[in-house]
Amino acid sequence: EWFWRRLTGETHLTASEEQRLFYSFDFTAWNNLQFRDPSSGQDFNEEQFLQYYGGLHFVATASHNLRQINLPGQSSESKVTFEKRQEFSRLTLKARLAESAPQMHAILQGLYTIVPKQSLSLFRWHELEKWICGSATLDLNALKKLTVYSPTKFTANSKVVRNFWRVLESFSEDEKSKYLQFTWARSRLPPLFDTNDKSWRMKVNIIESGLKTDQMLPTAETCFFNVNLPCYSSYEVMREKLLLAITHCSSITS
């Protein structure tokens with residue numbers, strides 16, 4: 001989210017938004033800045049704070065852990081006292097959010113050679129993200145229209161195909177994302193401007209292997225968005241096998 005906000009210029013954040021963003025991309029650092037007992041979750045009292053953070057100074061560590069960031073208005077020699085712990089947390093959070101400013105500047109300068117700067121301001125950050133990366137929510141109806149089946153005797157009305165879509169419809173959004181990762185090595189579909197787009201499709205190859213079919217696992221050819229789906233005997237077996245595959249195999253060669 002922070003990356004897209006910086007592309008569209010939506011960088012004025014409330015304190016709670018800053019906390020949420022930092023939490024999303026560096027949970028460990030965020031958690032350390034809460035000054036809480038890791039076992040109980042309770043805030044440290046002064047004695048506990050000094051025990052854990054007695055040697056803490058007013059400097060932040062960059063994400064690559066190679067560079068110390070001086071915090072504004074503070075000396076790097078100043079120790080963080082119990083009374084100033086929240087000030088240290090606030091300054092560190094802001095420093096970490098700003099540390100990629102040179103890289104973002106370079107990205108924007110390159111982007112402006114292709115897209116006029118004024119055009120980006122027409123979009124909210126989440127709109128721009130969707131236009132470039134596609135929706136975070138898998139549109140199964142759109143995917144159905146861009147799916148072909150093999151052998152050709154199998155159609156959208158075949159029992160195994162109906163069970164297949166029923167299984168996908170039963171998945172949570174996280175499981176649908178894992179399904180895409182398993183089958184196409186990506187977590188989102190491309191932006192769908194037209195469901196008649198022929199630049200890509202999902203191919204479902206139905207594998208018939210007699211009595212041993214229910215013992216097989218689905219496989220995928222991620223470079224081609226091909227899914228090799230055994231012709232399972234029931235919806236329950238298919239759901240079990242698909243969940244097993246997408247949960248435990250997320251590498252490119254599925």
# chains A, B, ... in the order shown; residues from 1 in each chain; ligands from 1
$ residues_around --residues "A:Ser170" --least-positions-apart "6" --cutoff "12 Å" --atoms "only C-alpha atoms" --output "ChimeraX atom specification"
/A:140,163-164,176,235-236,238-240,242-243
$ select_by_dssp --residues "stretch 55-101 of chain A" --states "helix (DSSP H, G or I)" --output "VMD selection string"
chain A and resid 85 to 98 101
$ closest_residue --among "A:Asp174, A:Glu221, A:Glu127, A:Glu1" --to "A:Leu97" --atoms "only C-alpha atoms"
A:Glu1
$ atom_distance --atom1 "atom CA of A:Leu56" --atom2 "atom CA of A:Pro72"
16.1 Å
$ residues_around --residues "stretch 141-149 of chain A" --least-positions-apart "2" --cutoff "7 Å" --atoms "only C-alpha atoms" --output "PyMOL selection string"
chain A and resi 139+151-152+154-155+195+201-205
$ write_last_selection --atoms "C-alpha atoms" --output "short mmCIF file (atom, residue, chain, number, x, y, z; two decimals), in the first residue's frame"
data_model
loop_
_atom_site.label_atom_id
_atom_site.label_comp_id
_atom_site.auth_asym_id
_atom_site.auth_seq_id
_atom_site.Cartn_x
_atom_site.Cartn_y
_atom_site.Cartn_z
CA ASP A 139 -13.13 -13.23 -10.01
CA PRO A 151 -9.72 -33.62 -23.75
CA THR A 152 -12.48 -31.85 -25.67
CA PHE A 154 -15.06 -32.47 -21.16
CA THR A 155 -17.17 -29.32 -21.02
CA THR A 195 -13.16 -11.16 -20.70
CA ARG A 201 -6.22 -18.60 -20.65
CA MET A 202 -6.34 -21.36 -18.05
CA LYS A 203 -6.29 -24.86 -19.44
CA VAL A 204 -7.65 -27.69 -17.31
CA ASN A 205 -6.36 -31.08 -18.43
#
$ closest_residue --among "A:Glu77, A:Asp43, A:Glu18, A:Glu173" --to "A:Arg90" --atoms "only C-alpha atoms"
A:Glu18
$ closest_atom_pairs --of "stretch 65-86 of chain A" --to "stretch 21-40 of chain A" --cutoff "12 Å" --atoms "only C-alpha atoms" --output "CSV"
residue,atom,partner,partner_atom,distance
A:Asn65,CA,A:Ala29,CA,11.4
A:Val80,CA,A:Leu33,CA,11.9
A:Phe82,CA,A:Phe35,CA,9.8
A:Lys84,CA,A:Phe35,CA,11.8
A:Arg85,CA,A:Phe35,CA,8.1
A:Gln86,CA,A:Leu33,CA,8.2
$ closest_residue --among "A:Thr81, A:Pro102, A:Ser177, A:Ala60" --to "A:Glu47" --atoms "only C-alpha atoms"
A:Thr81
$ decode --residues "stretch 209-220 of chain A" --atoms "N, CA and C atoms" --output "PDB file, in the first residue's frame"
ATOM      1  N   SER A 209      -7.213 -42.027 -14.886  1.00  0.00           N
ATOM      2  CA  SER A 209      -6.269 -43.116 -14.596  1.00  0.00           C
ATOM      3  C   SER A 209      -6.939 -44.279 -13.877  1.00  0.00           C
ATOM      4  N   GLY A 210      -8.201 -44.495 -14.174  1.00  0.00           N
ATOM      5  CA  GLY A 210      -8.893 -45.651 -13.613  1.00  0.00           C
ATOM      6  C   GLY A 210      -9.044 -45.601 -12.107  1.00  0.00           C
ATOM      7  N   LEU A 211      -8.825 -46.740 -11.474  1.00  0.00           N
ATOM      8  CA  LEU A 211      -9.076 -46.879 -10.036  1.00  0.00           C
ATOM      9  C   LEU A 211      -8.086 -46.079  -9.189  1.00  0.00           C
ATOM     10  N   LYS A 212      -6.931 -45.723  -9.746  1.00  0.00           N
ATOM     11  CA  LYS A 212      -5.908 -45.025  -8.963  1.00  0.00           C
ATOM     12  C   LYS A 212      -6.075 -43.514  -8.973  1.00  0.00           C
ATOM     13  N   THR A 213      -7.072 -43.008  -9.684  1.00  0.00           N
ATOM     14  CA  THR A 213      -7.221 -41.557  -9.835  1.00  0.00           C
ATOM     15  C   THR A 213      -7.323 -40.839  -8.493  1.00  0.00           C
ATOM     16  N   ASP A 214      -8.091 -41.380  -7.565  1.00  0.00           N
ATOM     17  CA  ASP A 214      -8.300 -40.703  -6.278  1.00  0.00           C
ATOM     18  C   ASP A 214      -7.039 -40.655  -5.425  1.00  0.00           C
ATOM     19  N   GLN A 215      -6.009 -41.411  -5.804  1.00  0.00           N
ATOM     20  CA  GLN A 215      -4.754 -41.395  -5.052  1.00  0.00           C
ATOM     21  C   GLN A 215      -3.779 -40.351  -5.604  1.00  0.00           C
ATOM     22  N   MET A 216      -4.110 -39.756  -6.747  1.00  0.00           N
ATOM     23  CA  MET A 216      -3.219 -38.805  -7.407  1.00  0.00           C
ATOM     24  C   MET A 216      -3.429 -37.390  -6.876  1.00  0.00           C
ATOM     25  N   LEU A 217      -2.414 -36.578  -7.058  1.00  0.00           N
ATOM     26  CA  LEU A 217      -2.502 -35.160  -6.728  1.00  0.00           C
ATOM     27  C   LEU A 217      -2.521 -34.337  -8.014  1.00  0.00           C
ATOM     28  N   PRO A 218      -3.182 -33.188  -7.990  1.00  0.00           N
ATOM     29  CA  PRO A 218      -3.133 -32.310  -9.161  1.00  0.00           C
ATOM     30  C   PRO A 218      -1.732 -31.733  -9.338  1.00  0.00           C
ATOM     31  N   THR A 219      -1.378 -31.433 -10.568  1.00  0.00           N
ATOM     32  CA  THR A 219      -0.107 -30.778 -10.863  1.00  0.00           C
ATOM     33  C   THR A 219      -0.382 -29.583 -11.770  1.00  0.00           C
ATOM     34  N   ALA A 220       0.629 -28.768 -11.986  1.00  0.00           N
ATOM     35  CA  ALA A 220       0.445 -27.578 -12.827  1.00  0.00           C
ATOM     36  C   ALA A 220       1.707 -27.277 -13.613  1.00  0.00           C
TER      37      ALA A 220
END
